[in-house]
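**Q** To be precise about what I am sending: the file is called data.txt and holds compact mmCIF, C-alpha atoms.
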```txt
# COMPACT_ATOMS: atom_id res chain seq x y z
CA TYR A 273 24.15 -38.04 27.85
CA TRP A 274 25.36 -35.44 25.36
CA ASN A 275 25.60 -31.86 26.57
CA LYS A 276 27.71 -30.26 23.83
CA GLY A 277 24.93 -29.18 21.48
CA ARG A 278 24.08 -30.58 18.08
CA PRO A 279 26.82 -32.36 16.12
CA GLN A 280 27.92 -30.52 12.96
CA ILE A 281 30.10 -31.50 10.05
CA GLU A 282 33.16 -29.27 9.90
CA THR A 283 33.65 -27.82 6.41
CA PRO A 284 36.73 -25.59 6.19
CA ASP A 285 35.75 -24.30 2.75
CA GLN A 286 32.21 -23.36 3.77
CA LYS A 287 31.30 -19.78 2.89
CA GLN A 288 28.45 -17.55 1.90
CA MET A 289 28.23 -16.63 -1.77
CA ARG A 290 26.19 -14.08 -3.68
CA LEU A 291 25.24 -15.67 -6.99
CA ASN A 292 24.54 -13.83 -10.20
CA PRO A 293 21.00 -14.06 -11.67
CA ALA A 294 20.69 -17.58 -13.06
CA TYR A 295 18.17 -20.03 -14.45
CA ARG A 296 18.08 -23.82 -14.21
CA TRP A 297 16.10 -26.53 -15.92
CA SER A 298 15.21 -30.07 -14.95
CA ASN A 299 15.51 -33.32 -16.83
CA GLN A 300 12.93 -34.22 -19.43
CA LEU A 301 9.31 -35.22 -19.02
CA ILE A 302 8.25 -37.53 -21.85
CA GLN A 303 4.48 -37.54 -22.16
CA ASN A 304 2.57 -40.83 -22.26
CA THR A 305 5.54 -42.67 -20.74
CA GLN A 306 6.89 -43.45 -17.29
CA VAL A 307 9.78 -41.03 -17.82
CA ASN A 308 9.47 -37.98 -15.56
CA GLY A 309 12.68 -36.16 -14.75
CA MET A 310 11.12 -32.90 -13.63
CA SER A 311 12.32 -33.40 -10.05
CA SER A 312 15.95 -33.98 -11.11
CA PHE A 313 18.37 -31.17 -11.94
CA ASP A 314 21.77 -31.94 -13.44
CA SER A 315 24.65 -29.68 -12.39
CA GLY A 316 25.30 -28.60 -15.96
CA ASN A 317 21.73 -27.48 -16.63
CA ILE A 318 22.23 -23.91 -15.53
CA GLY A 319 22.76 -20.57 -17.22
CA VAL A 320 23.95 -17.27 -15.77
CA LEU A 321 22.66 -13.84 -16.77
CA SER A 322 24.43 -10.52 -16.50
CA ALA A 323 24.36 -9.17 -12.95
CA LYS A 324 24.43 -5.55 -14.15
CA PHE A 325 20.77 -5.84 -15.23
CA GLY A 326 19.60 -6.78 -11.73
CA ALA A 327 17.54 -9.69 -10.48
CA LEU A 328 15.63 -12.06 -12.75
CA THR A 329 11.98 -11.09 -12.15
CA GLY A 330 10.04 -13.20 -14.66
CA MET A 331 10.10 -15.68 -17.53
CA ARG A 332 7.50 -16.22 -20.27
CA GLU A 333 7.44 -18.60 -23.23
CA VAL A 334 6.65 -16.88 -26.54
CA GLY A 335 6.69 -19.20 -29.54
CA TYR A 336 9.97 -21.11 -29.48
CA THR A 337 11.68 -18.44 -27.37
CA LEU A 338 11.87 -17.87 -23.64
CA LYS A 339 11.80 -14.24 -22.52
CA MET A 340 13.81 -13.75 -19.33
CA ILE A 341 13.11 -10.34 -17.83
CA GLN A 342 15.46 -8.69 -15.37
CA GLU A 343 15.05 -5.44 -13.49
CA SER A 344 16.64 -3.24 -16.17
CA ASN A 345 16.71 -5.39 -19.31
CA TYR A 346 15.35 -8.57 -20.84
CA ASN A 347 16.89 -11.54 -22.64
CA THR A 348 15.61 -13.77 -25.45
CA ALA A 349 16.59 -17.44 -25.21
CA PHE A 350 15.91 -19.94 -27.97
CA ILE A 351 14.27 -23.17 -26.83
CA GLY A 352 15.90 -26.20 -28.42
CA ARG A 353 17.63 -23.98 -30.96
CA LYS A 354 20.97 -22.26 -31.29
CA GLU A 355 21.84 -19.14 -33.25
CA LEU A 356 24.86 -19.34 -35.56
CA GLN A 357 26.43 -16.26 -37.13
CA ASN A 358 27.69 -16.42 -40.69
CA ALA A 359 30.74 -14.63 -42.07
CA ASP A 360 28.56 -11.96 -43.67
CA GLY A 361 26.93 -11.12 -40.34
CA SER A 362 23.64 -12.96 -41.00
CA THR A 363 22.38 -15.58 -38.57
CA ASN A 364 20.78 -19.00 -38.83
CA LEU A 365 18.91 -21.08 -36.29
CA VAL A 366 19.83 -24.73 -35.92
CA VAL A 367 18.28 -27.43 -33.74
CA THR A 368 20.26 -28.38 -30.64
CA ASP A 369 19.92 -31.06 -27.98
CA ASN A 370 20.14 -28.43 -25.25
CA LEU A 371 16.82 -27.20 -23.90
CA ILE A 372 18.08 -23.60 -23.69
CA GLY A 373 20.11 -22.52 -26.70
CA SER A 374 21.46 -19.06 -27.45
CA VAL A 375 20.59 -16.31 -24.96
CA ASN A 376 20.65 -12.76 -26.33
CA PRO A 377 20.25 -9.68 -24.12
CA SER A 378 18.25 -6.84 -25.63
CA GLU A 379 19.96 -3.64 -26.68
CA ASP A 380 16.92 -1.54 -25.66
CA LEU A 381 17.38 -1.96 -21.90
CA TYR A 382 13.74 -2.39 -20.87
CA GLY A 383 13.08 -4.46 -17.77
CA THR A 384 10.81 -4.55 -14.73
CA LYS A 385 10.99 -4.83 -10.96
CA TYR A 386 7.39 -6.06 -10.76
CA PRO A 387 6.71 -9.68 -11.81
CA GLY A 388 2.96 -9.14 -11.56
CA SER A 389 3.07 -6.56 -14.34
CA ILE A 390 4.32 -9.14 -16.85
CA VAL A 391 1.45 -10.43 -19.01
CA ILE A 392 1.34 -12.23 -22.34
CA ASN A 393 -1.23 -12.16 -25.12
CA GLY A 394 -0.36 -14.26 -28.15
CA ARG A 395 3.08 -13.12 -29.20
CA ASN A 396 2.81 -9.80 -27.38
CA LEU A 397 4.46 -9.42 -23.99
CA TYR A 398 3.74 -6.46 -21.70
CA TRP A 399 5.35 -5.11 -18.54
CA LEU A 400 5.88 -1.92 -16.55
CA ASP A 401 9.40 -0.51 -16.49
CA THR A 402 9.53 1.95 -13.59
CA ILE A 403 13.22 2.66 -14.16
CA LYS A 404 12.45 4.10 -17.59
CA GLY A 405 8.96 5.22 -16.55
CA LYS A 406 7.31 3.36 -19.44
CA VAL A 407 4.85 0.56 -20.18
CA ILE A 408 6.46 -1.82 -22.67
CA ARG A 409 5.00 -4.10 -25.33
CA GLU A 410 7.48 -6.60 -26.75
CA SER A 411 6.62 -8.36 -30.00
CA GLY A 412 9.04 -10.15 -32.28
CA ASN A 413 12.09 -8.90 -30.36
CA GLN A 414 10.95 -5.33 -31.00
CA PRO A 415 9.99 -3.59 -27.73
CA PHE A 416 7.86 -0.47 -27.95
CA PRO A 417 6.77 1.87 -25.11
CA ILE A 418 2.98 1.99 -25.42
CA SER A 419 3.04 4.65 -22.73
CA ASP A 420 4.08 6.97 -25.58
CA TYR A 421 0.46 6.92 -26.75
CA GLY A 422 -0.33 10.20 -24.99
CA MET A 423 0.64 8.99 -21.48
CA VAL A 424 4.36 9.76 -21.28
CA LYS A 425 4.16 12.13 -18.32
CA TYR A 426 1.55 10.09 -16.48
CA TRP A 427 3.58 6.88 -16.44
CA ARG A 428 6.81 8.71 -15.70
CA ASP A 429 5.24 10.28 -12.60
CA ALA A 430 3.39 7.07 -11.65
CA SER A 431 6.65 5.11 -11.79
CA LEU A 432 8.24 7.45 -9.27
CA THR A 433 5.22 7.02 -6.99
CA ILE A 434 5.18 3.22 -7.35
CA ASP A 435 8.88 2.84 -6.54
CA GLY A 436 8.97 5.54 -3.90
CA LEU A 437 5.92 4.50 -1.89
CA GLY A 438 6.07 0.74 -2.36
CA TYR A 439 3.05 0.08 -4.56
CA ASP A 440 2.26 -3.40 -5.85
CA VAL A 441 1.67 -3.76 -9.60
CA PHE A 442 -0.17 -6.45 -11.55
CA ALA A 443 -1.69 -6.68 -15.00
CA GLY A 444 -4.00 -8.79 -17.15
CA PHE A 445 -5.14 -8.91 -20.76
CA ASP A 446 -8.83 -9.22 -21.64
CA LYS A 447 -8.95 -11.00 -24.99
CA GLN A 448 -12.65 -10.30 -25.50
CA THR A 449 -12.28 -6.52 -25.33
CA GLU A 450 -8.63 -6.59 -26.50
CA GLN A 451 -7.54 -4.45 -23.57
CA LEU A 452 -4.54 -4.53 -21.28
CA PHE A 453 -5.40 -3.69 -17.66
CA ILE A 454 -2.72 -2.42 -15.28
CA THR A 455 -3.42 -1.95 -11.58
CA TYR A 456 -1.13 -0.49 -8.95
CA ARG A 457 -2.16 -0.36 -5.32
CA ARG A 458 -0.85 0.05 -1.80
CA THR A 459 -2.43 -0.92 1.52
CA GLY A 460 -4.26 2.02 3.00
CA ALA A 461 -3.83 4.14 -0.12
CA ASP A 462 -5.62 4.76 -3.38
CA VAL A 463 -5.73 2.12 -6.09
CA PHE A 464 -5.35 2.93 -9.77
CA THR A 465 -6.39 0.82 -12.77
CA LEU A 466 -5.87 1.86 -16.39
CA SER A 467 -6.67 0.09 -19.66
CA PHE A 468 -4.92 0.12 -23.02
CA TYR A 469 -6.77 -0.92 -26.19
CA ASP A 470 -4.41 -3.06 -28.29
CA PRO A 471 -6.19 -4.93 -31.11
CA GLU A 472 -4.13 -7.24 -33.31
CA ARG A 473 -5.93 -6.11 -36.46
CA ASP A 474 -4.22 -3.53 -38.64
CA GLY A 475 -5.77 -0.15 -39.33
CA ILE A 476 -7.38 0.21 -35.88
CA GLU A 477 -6.14 2.96 -33.61
CA LYS A 478 -4.54 1.83 -30.37
CA GLY A 479 -4.46 3.86 -27.20
CA TRP A 480 -5.20 4.30 -23.52
CA VAL A 481 -8.92 3.99 -22.93
CA SER A 482 -9.90 4.81 -19.37
CA PHE A 483 -9.37 4.67 -15.65
CA HIS A 484 -11.41 1.97 -13.90
CA ASP A 485 -12.87 1.55 -10.43
CA PHE A 486 -12.08 -2.11 -9.73
CA THR A 487 -12.89 -1.94 -6.02
CA LYS A 488 -15.64 -3.05 -3.67
CA VAL A 489 -16.76 -1.81 -0.26
CA ILE A 490 -16.35 -4.63 2.27
CA SER A 491 -17.04 -3.94 5.96
CA LEU A 492 -17.07 -0.19 5.26
CA ALA A 493 -13.60 -0.37 3.71
CA THR A 494 -12.78 0.07 0.03
CA THR A 495 -11.12 -3.16 -1.08
CA PRO A 496 -9.18 -3.37 -4.38
CA ILE A 497 -8.81 -6.43 -6.57
CA ASP A 498 -5.99 -8.87 -5.82
CA PHE A 499 -5.05 -10.14 -9.29
CA TYR A 500 -6.32 -10.93 -12.79
CA GLY A 501 -6.78 -14.37 -14.30
CA TRP A 502 -8.54 -16.52 -16.86
CA VAL A 503 -11.00 -19.38 -16.70
CA GLY A 504 -10.79 -20.81 -20.19
CA GLN A 505 -11.34 -17.76 -22.39
CA VAL A 506 -13.16 -15.80 -19.68
CA PHE A 507 -11.29 -12.87 -18.16
CA THR A 508 -11.58 -12.79 -14.37
CA SER A 509 -10.37 -10.86 -11.35
CA ALA A 510 -10.15 -11.84 -7.69
CA LEU A 511 -11.43 -9.53 -4.96
CA GLY A 512 -11.74 -10.46 -1.32
CA ASN A 513 -12.90 -14.07 -1.21
CA GLY A 514 -14.60 -13.97 -4.60
CA LEU A 515 -13.64 -14.65 -8.20
CA TYR A 516 -15.53 -12.43 -10.66
CA LYS A 517 -16.13 -12.81 -14.38
CA HIS A 518 -15.78 -9.80 -16.64
CA ASN A 519 -17.95 -8.97 -19.68
CA VAL A 520 -21.07 -10.77 -18.44
CA GLY A 521 -24.59 -9.43 -18.06
CA SER A 522 -26.22 -6.53 -19.85
CA SER A 523 -25.07 -3.71 -17.56
CA TYR A 524 -21.43 -2.77 -17.96
CA LEU A 525 -21.55 -0.56 -14.86
CA GLN A 526 -22.35 -3.47 -12.55
CA LEU A 527 -18.99 -4.43 -11.07
CA TYR A 528 -18.42 -6.74 -8.09
CA GLY A 529 -22.08 -6.48 -7.15
CA GLU A 530 -22.02 -2.67 -7.02
CA GLN A 531 -23.47 -0.05 -9.31
CA LYS A 532 -20.61 2.11 -10.55
CA THR A 533 -20.73 5.52 -12.24
CA MET A 534 -19.15 6.60 -15.50
CA LYS A 535 -17.51 9.98 -16.11
CA VAL A 536 -16.38 11.37 -19.44
CA THR A 537 -14.05 14.36 -19.54
CA SER A 538 -13.66 16.32 -22.76
CA SER A 539 -11.32 19.17 -23.62
CA PHE A 540 -12.13 21.96 -26.05
CA MET A 541 -10.12 24.75 -27.60
CA LEU A 542 -12.26 27.86 -27.26
CA ASN A 543 -10.18 29.86 -29.74
CA PRO A 544 -8.86 27.40 -32.34
CA ASP A 545 -7.54 30.19 -34.56
CA GLN A 546 -5.25 31.55 -31.87
```
Let me see the file written as structure tokens.
**A**
Amino acid sequence: YWNKGRPQIETPDQKQMRLNPAYRWSNQLIQNTQVNGMSSFDSGNIGVLSAKFGALTGMREVGYTLKMIQESNYNTAFIGRKELQNADGSTNLVVTDNLIGSVNPSEDLYGTKYPGSIVINGRNLYWLDTIKGKVIRESGNQPFPISDYGMVKYWRDASLTIDGLGYDVFAGFDKQTEQLFITYRRTGADVFTLSFYDPERDGIEKGWVSFHDFTKVISLATTPIDFYGWVGQVFTSALGNGLYKHNVGSSYLQLYGEQKTMKVTSSFMLNPDQ
């Protein structure tokens, strides 16, 4: 009979540690073979990011780079490549055996606290930076605040509301209509969805299109969508227990089985000469 509790191994050096933001990668999976090392992690397969930029909130693969986004900045890591700097200041990429090569933090200091706001379309990466109060599009290591398209004050004020009141943020990109949708919501509060038209073709004006009512009345309560997704090339959103396709049918005001209304607000200058 043992009445002294559970046996424990005494470790004099045991302690609690607060680790810096880091990323790890497993051993290799070789397709069409019996080699699958995805469940094995070697001790050396780890990289550490700068703690001053906050937690690591999301990673996305864009081409042969891996974008690692922290709360107040993002990093570009080369996959299977390493950047070498020449004497004249120019750089070259060389192939390396390491999965993660050179990791370069951005000088623009755009990051996000909200993993759900990170969305990719082709080589464009989008996210909401509530610290700067901007919506960012990153393409070719050149971030640009698309909130500057006439929505500077709106997104600055919305960012304060989102952080201050604990809103959840998620986004999706509809490839058929070439629009980015951003939704922020909070339980028991209003839900807001905005869209940004961002075609890849040159010569077409980009900009914020509209607010959208992506909600449904369920049991007398207004229920917002839960997230965006894709089924093949079809843009979808989840609401309640249902998964809904977008851009189907002949009536664009039929959403989630409800008939919505459309409002257009115009502004006029009554005295343009003054």
**Q** Which residues come within 9 Å of Gly330 (chain A), counting all atoms listed in the file, excluding same-chain residues fewer than 2 positions away, as a list in words?
**A** Leu328, Arg332, Lys339, Met340, Ile341, Gln342, Thr384, Tyr386, Pro387, Gly388 and Ile390 of chain A
**Q** Of the candidates A:Ala430, A:Ile351, A:Ile392, A:Ile497, which shows the shortest atom-to-atom distance to Val375 (chain A), using all atoms listed in the file?
**A** A:Ile351
**Q** Any idea what's packed within 8 Å of region 370-374 of chain A, counting all atoms listed in the file, ignoring anything in its chain fewer than 5 positions away? Could you give it as a list in words?
**A**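 Counting only the stated atoms, we get Ala349, Phe350, Ile351, Gly352, Arg353, Lys354 and Glu355 of chain A.
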**Q** I'd like to know which of A:Glu333, A:Tyr421, A:Ile434, A:Trp297 is closest to Asn396 (chain A), using all atoms listed in the file.
**A** A:Glu333
**Q** Using only C-alpha atoms, tabulate the residues of region 453-540 of chain A lying at most 8 Å from any atom of region 435-446 of chain A, each with its closest atom pair and that distance in Å to one decimal, by chain and increasing residue number, as a tab-separated table.
**A**
```
residue	atom	partner	partner_atom	distance
A:Phe453	CA	A:Gly444	CA	5.3
A:Ile454	CA	A:Ala443	CA	4.4
A:Thr455	CA	A:Phe442	CA	5.6
A:Tyr456	CA	A:Val441	CA	4.4
A:Arg457	CA	A:Tyr439	CA	5.3
A:Arg458	CA	A:Tyr439	CA	4.8
A:Phe499	CA	A:Phe442	CA	6.5
A:Tyr500	CA	A:Gly444	CA	5.4
A:Gly501	CA	A:Gly444	CA	6.9
A:Phe507	CA	A:Asp446	CA	5.6
```
**Q** Out of A:Asp360, A:Arg409, A:Asp285, A:Tyr295, which residue has the shortest atom-to-atom distance to Ser315 (chain A) when counting all atoms listed in the file?
**A**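 Using all atoms listed in the file, the shortest distance to Ser315 (chain A) belongs to A:Tyr295.
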**Q** Any idea what's packed within 10 Å of His484 (chain A), counting all atoms listed in the file, ignoring anything in its chain fewer than 6 positions away? Could you give it as a list in words?
**A**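 My reading of the contact set: Phe453, Ile454, Thr455, Val463, Phe464, Thr465, Leu466, Ser467, Lys532 and Met534 of chain A.
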**Q** Looking at only C-alpha atoms, which of A:Trp502, A:Phe416, A:Tyr516, A:Phe483 is the one that sits closest to Thr537 (chain A)?
**A**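 Of all the options, A:Phe483 lies closest to Thr537 (chain A).
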**Q** Could you tell me how far CA of Asp470 (chain A) lies from CA of Gln451 (chain A), in Å and to one decimal?
**A**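 The value is 5.8 Å.
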**Q** Can you measure CA of Ser419 (chain A) to CA of Gln526 (chain A) for me? One decimal in Å is fine.
**A**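 That distance, rounded to one decimal, is 28.5 Å.
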**Q** For Asn347 (chain A), which of A:Val367, A:Ala461, A:Met289, A:Leu381 is the closest residue, counting all atoms listed in the file?
**A**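 Result for the nearest residue to Asn347 (chain A): A:Leu381.
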**Q** Using CA of Tyr382 (chain A) and CA of Gly319 (chain A) as the two end points, give the distance in Å to one decimal.
**A**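 Computing it gives 20.6 Å between the two atoms.
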**Q** Enclose region 438-451 of chain A, meaning all of its atoms listed in the file, in a box aligned along x, y and z, pad it by 4 Å on each side, and list the centre and edge lengths in Å to one decimal, as AutoDock Vina command-line options.
**A**
```
--center_x -3.3 --center_y -5.1 --center_z -14.4 --size_x 26.7 --size_y 19.7 --size_z 32.1
```
**Q** Near Ser312 (chain A), counting all atoms listed in the file, which residues have an atom at most 10 Å away, once you skip same-chain residues fewer than 5 positions from it, shown as a PyMOL selection string?
**A** chain A and resi 297-300
**Q** With only C-alpha atoms as the basis for distance, which of A:Asn292, A:Thr449, A:Thr402, A:Ser389 is at the shortest distance from Asp429 (chain A)?
**A**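 Distance minimum relative to Asp429 (chain A) lands on A:Thr402.
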**Q** Find the spatial neighbours of Arg296 (chain A), counting all atoms listed in the file, within a cut-off of 8 Å - ignore same-chain residues fewer than 5 positions away - and output them as a ChimeraX atom specification.
**A** /A:313,317-319
**Q** How would region 401-412 of chain A of the given structure read as a file with N, CA, C and O atoms, as a compact mmCIF listing (two decimals), in the first residue's frame?
**A**
```txt
# COMPACT_ATOMS: atom_id res chain seq x y z
N ASP A 401 -4.04 45.01 -39.96
CA ASP A 401 -3.09 45.45 -38.95
C ASP A 401 -3.79 46.48 -38.07
O ASP A 401 -3.90 47.66 -38.43
N THR A 402 -4.28 46.06 -36.91
CA THR A 402 -5.00 46.98 -36.03
C THR A 402 -4.05 47.89 -35.26
O THR A 402 -4.48 48.91 -34.72
N ILE A 403 -2.77 47.54 -35.19
CA ILE A 403 -1.82 48.43 -34.53
C ILE A 403 -1.61 49.69 -35.38
O ILE A 403 -1.60 50.81 -34.86
N LYS A 404 -1.46 49.50 -36.68
CA LYS A 404 -1.33 50.63 -37.59
C LYS A 404 -2.68 51.16 -38.06
O LYS A 404 -2.75 52.25 -38.64
N GLY A 405 -3.75 50.39 -37.84
CA GLY A 405 -5.07 50.80 -38.30
C GLY A 405 -5.20 50.75 -39.82
O GLY A 405 -5.85 51.61 -40.42
N LYS A 406 -4.65 49.69 -40.42
CA LYS A 406 -4.63 49.59 -41.88
C LYS A 406 -4.89 48.15 -42.33
O LYS A 406 -4.60 47.19 -41.61
N VAL A 407 -5.45 48.03 -43.54
CA VAL A 407 -5.57 46.73 -44.21
C VAL A 407 -4.42 46.64 -45.21
O VAL A 407 -4.24 47.54 -46.05
N ILE A 408 -3.65 45.57 -45.13
CA ILE A 408 -2.41 45.46 -45.88
C ILE A 408 -2.55 44.43 -47.00
O ILE A 408 -3.14 43.37 -46.82
N ARG A 409 -1.98 44.78 -48.17
CA ARG A 409 -1.79 43.80 -49.25
C ARG A 409 -0.29 43.69 -49.50
O ARG A 409 0.37 44.68 -49.81
N GLU A 410 0.24 42.49 -49.37
CA GLU A 410 1.66 42.26 -49.59
C GLU A 410 1.84 41.48 -50.89
O GLU A 410 1.23 40.44 -51.09
N SER A 411 2.66 42.01 -51.78
CA SER A 411 2.91 41.36 -53.07
C SER A 411 4.35 41.62 -53.47
O SER A 411 4.76 42.77 -53.61
N GLY A 412 5.11 40.55 -53.64
CA GLY A 412 6.50 40.72 -54.05
C GLY A 412 7.33 41.47 -53.05
O GLY A 412 8.17 42.30 -53.44
```
